[in-house]
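To start, the structure itself, in structure tokens.
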Amino acid sequence: MEFRPATPEDVPAVLPMVRKIAAMHEKLDPAKYTFRSDPGEMYRSWLRQRATDPRSVFLVADAGTRLAGFLVGTVEDEIPIYRVEQIGFIHDLWVEEDYRHEGIGRQLVTMAIERFRDIGVQQIRCDTAWANEIARELFKTCGFRPSTVEMLIEL
């Protein structure tokens with residue numbers, strides 16, 4: 001398995017994984033994760049930009065014949081009342097089902113932490129669906145801790 005920065009040429013192979021993430025999230029909480037249209041197509045140009053942006057972290061796990069997973073994150077401005085001015089934010093992490101339980105997710109997160117450190121951010125954050133215990137546990141084992149709970153009410 002090769003872990004490497006994604007290129008714009010990787011984007012078409014990542015889009016089906018984006019659609020799987022979206023479908024999983026929609027199944028977990030349709031009130032929060034109902035999408036306007038095809039999330040893959042909506043991500044296409046954004047991911048191409050992330051692949052060439054030095055302040056983004058876009059990594060793939062390349063199994064040789066196909067991509068086994070990916071992680072994408074960006075540097076985001078924090079609201080100006082806080083001392084920490086910018087954070088790294090992990091938007092998405094996905095490992096294809098037939099590659100799970102091999103440490104690929106952990107490797108992608110570990111690489112992302114290093115890349116964000118190299119960029120110079122002081123904090124990295126991510127959101128996980130409340131029902132996604134596997135993701136919460138993975139991030140916890142990589143050094144993340146809970147910091148907030150988002151609450152939702154439908155009107």
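Convention: chains lettered A, B, ... in structure tokens order; per-chain residue numbering from 1; ligands numbered from 1 as shown.
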Show which residues sit within 6 Å of region 85-96 of chain A, as a PyMOL selection string. Count only C-alpha atoms, and ignore same-chain residues fewer than 6 positions away. chain A and resi 68-78+121+123-126
Would you return as a PyMOL selection string the members of region 37-147 of chain A that DSSP assigns to strand (DSSP E or B) on this structure's backbone? chain A and resi 56-62+67-77+86-95+124-126
Just the selected residues (C-alpha atoms), exported as an mmCIF file, in the first residue's frame, please.
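Result written to again08.cif:
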data_model
loop_
_atom_site.group_PDB
_atom_site.id
_atom_site.type_symbol
_atom_site.label_atom_id
_atom_site.label_comp_id
_atom_site.auth_asym_id
_atom_site.auth_seq_id
_atom_site.Cartn_x
_atom_site.Cartn_y
_atom_site.Cartn_z
ATOM 1 C CA SER A 56 -4.898 21.490 2.051
ATOM 2 C CA VAL A 57 -4.244 17.891 2.998
ATOM 3 C CA PHE A 58 -5.555 15.421 0.426
ATOM 4 C CA LEU A 59 -4.121 11.932 0.770
ATOM 5 C CA VAL A 60 -4.843 8.597 -0.868
ATOM 6 C CA ALA A 61 -4.069 5.002 -0.031
ATOM 7 C CA ASP A 62 -3.035 3.507 -3.371
ATOM 8 C CA LEU A 67 -7.446 3.446 -4.456
ATOM 9 C CA ALA A 68 -8.225 1.863 -1.105
ATOM 10 C CA GLY A 69 -9.090 5.074 0.717
ATOM 11 C CA PHE A 70 -8.635 8.794 1.045
ATOM 12 C CA LEU A 71 -8.582 11.670 3.502
ATOM 13 C CA VAL A 72 -9.181 15.340 2.732
ATOM 14 C CA GLY A 73 -8.672 18.303 5.015
ATOM 15 C CA THR A 74 -8.185 22.048 4.822
ATOM 16 C CA VAL A 75 -6.797 24.911 6.862
ATOM 17 C CA GLU A 76 -9.710 26.984 8.140
ATOM 18 C CA ASP A 77 -9.853 30.380 9.835
ATOM 19 C CA GLN A 86 -6.364 28.762 12.105
ATOM 20 C CA ILE A 87 -7.112 25.083 12.442
ATOM 21 C CA GLY A 88 -6.697 22.018 10.314
ATOM 22 C CA PHE A 89 -10.049 20.435 9.600
ATOM 23 C CA ILE A 90 -10.472 16.859 8.381
ATOM 24 C CA HIS A 91 -13.568 16.868 6.190
ATOM 25 C CA ASP A 92 -13.654 13.265 5.037
ATOM 26 C CA LEU A 93 -11.948 9.939 5.638
ATOM 27 C CA TRP A 94 -12.936 6.768 3.826
ATOM 28 C CA VAL A 95 -11.478 3.283 3.507
ATOM 29 C CA ILE A 124 -6.769 19.732 14.000
ATOM 30 C CA ARG A 125 -10.472 19.110 14.295
ATOM 31 C CA CYS A 126 -12.964 16.794 12.687
#
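Residues within 7 Å of region 136-149 of chain A, counting only C-alpha atoms and excluding same-chain residues fewer than 4 positions away, are Arg106, Thr110, Thr128 and Asn132 of chain A.
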For the selection just defined, write its residues with N, CA, C and O atoms to a file, as a PDB file, in the first residue's frame.
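The resulting result.pdb:
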ATOM      1  N   ARG A 106      -5.941   4.670  10.065  1.00  0.00           N
ATOM      2  CA  ARG A 106      -4.994   5.200  11.043  1.00  0.00           C
ATOM      3  C   ARG A 106      -3.777   5.815  10.347  1.00  0.00           C
ATOM      4  O   ARG A 106      -3.305   6.883  10.724  1.00  0.00           O
ATOM      5  N   THR A 110      -2.686   9.675  10.603  1.00  0.00           N
ATOM      6  CA  THR A 110      -1.336   9.984  11.082  1.00  0.00           C
ATOM      7  C   THR A 110      -0.587  10.860  10.083  1.00  0.00           C
ATOM      8  O   THR A 110       0.067  11.840  10.473  1.00  0.00           O
ATOM      9  N   THR A 128     -17.524  13.824  13.507  1.00  0.00           N
ATOM     10  CA  THR A 128     -17.962  12.470  13.177  1.00  0.00           C
ATOM     11  C   THR A 128     -19.438  12.356  13.527  1.00  0.00           C
ATOM     12  O   THR A 128     -19.895  12.987  14.484  1.00  0.00           O
ATOM     13  N   ASN A 132     -21.465   7.049  14.453  1.00  0.00           N
ATOM     14  CA  ASN A 132     -20.281   6.427  13.862  1.00  0.00           C
ATOM     15  C   ASN A 132     -19.222   6.178  14.931  1.00  0.00           C
ATOM     16  O   ASN A 132     -18.184   6.848  14.993  1.00  0.00           O
TER      17      ASN A 132
END
Out of chain A, which residues get helix (DSSP H, G or I) from DSSP, as a ChimeraX atom specification? /A:8-28,39-52,97-99,104-119,133-141
If we count only C-alpha atoms, what is near Arg48 (chain A) at a cut-off of 6 Å, once residues fewer than 3 positions away on the same chain are taken out, given as a short mmCIF file (atom, residue, chain, number, x, y, z; two decimals) with N, CA and C atoms, in the first residue's frame?
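Okay, this is what ended up in around-v3.cif:
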data_model
loop_
_atom_site.label_atom_id
_atom_site.label_comp_id
_atom_site.auth_asym_id
_atom_site.auth_seq_id
_atom_site.Cartn_x
_atom_site.Cartn_y
_atom_site.Cartn_z
N PRO A 8 -4.70 15.72 -9.00
CA PRO A 8 -5.98 15.94 -9.69
C PRO A 8 -6.44 14.70 -10.47
N SER A 45 -14.75 19.55 -8.43
CA SER A 45 -13.83 20.69 -8.59
C SER A 45 -13.18 21.04 -7.25
N ALA A 51 -6.15 19.13 -4.28
CA ALA A 51 -4.97 18.38 -4.71
C ALA A 51 -3.79 19.28 -5.06
#
Selected residue, from A:Ile134, A:Leu47, A:Met151, A:Leu28, that lies nearest to Val14 (chain A) when counting only C-alpha atoms: A:Leu47
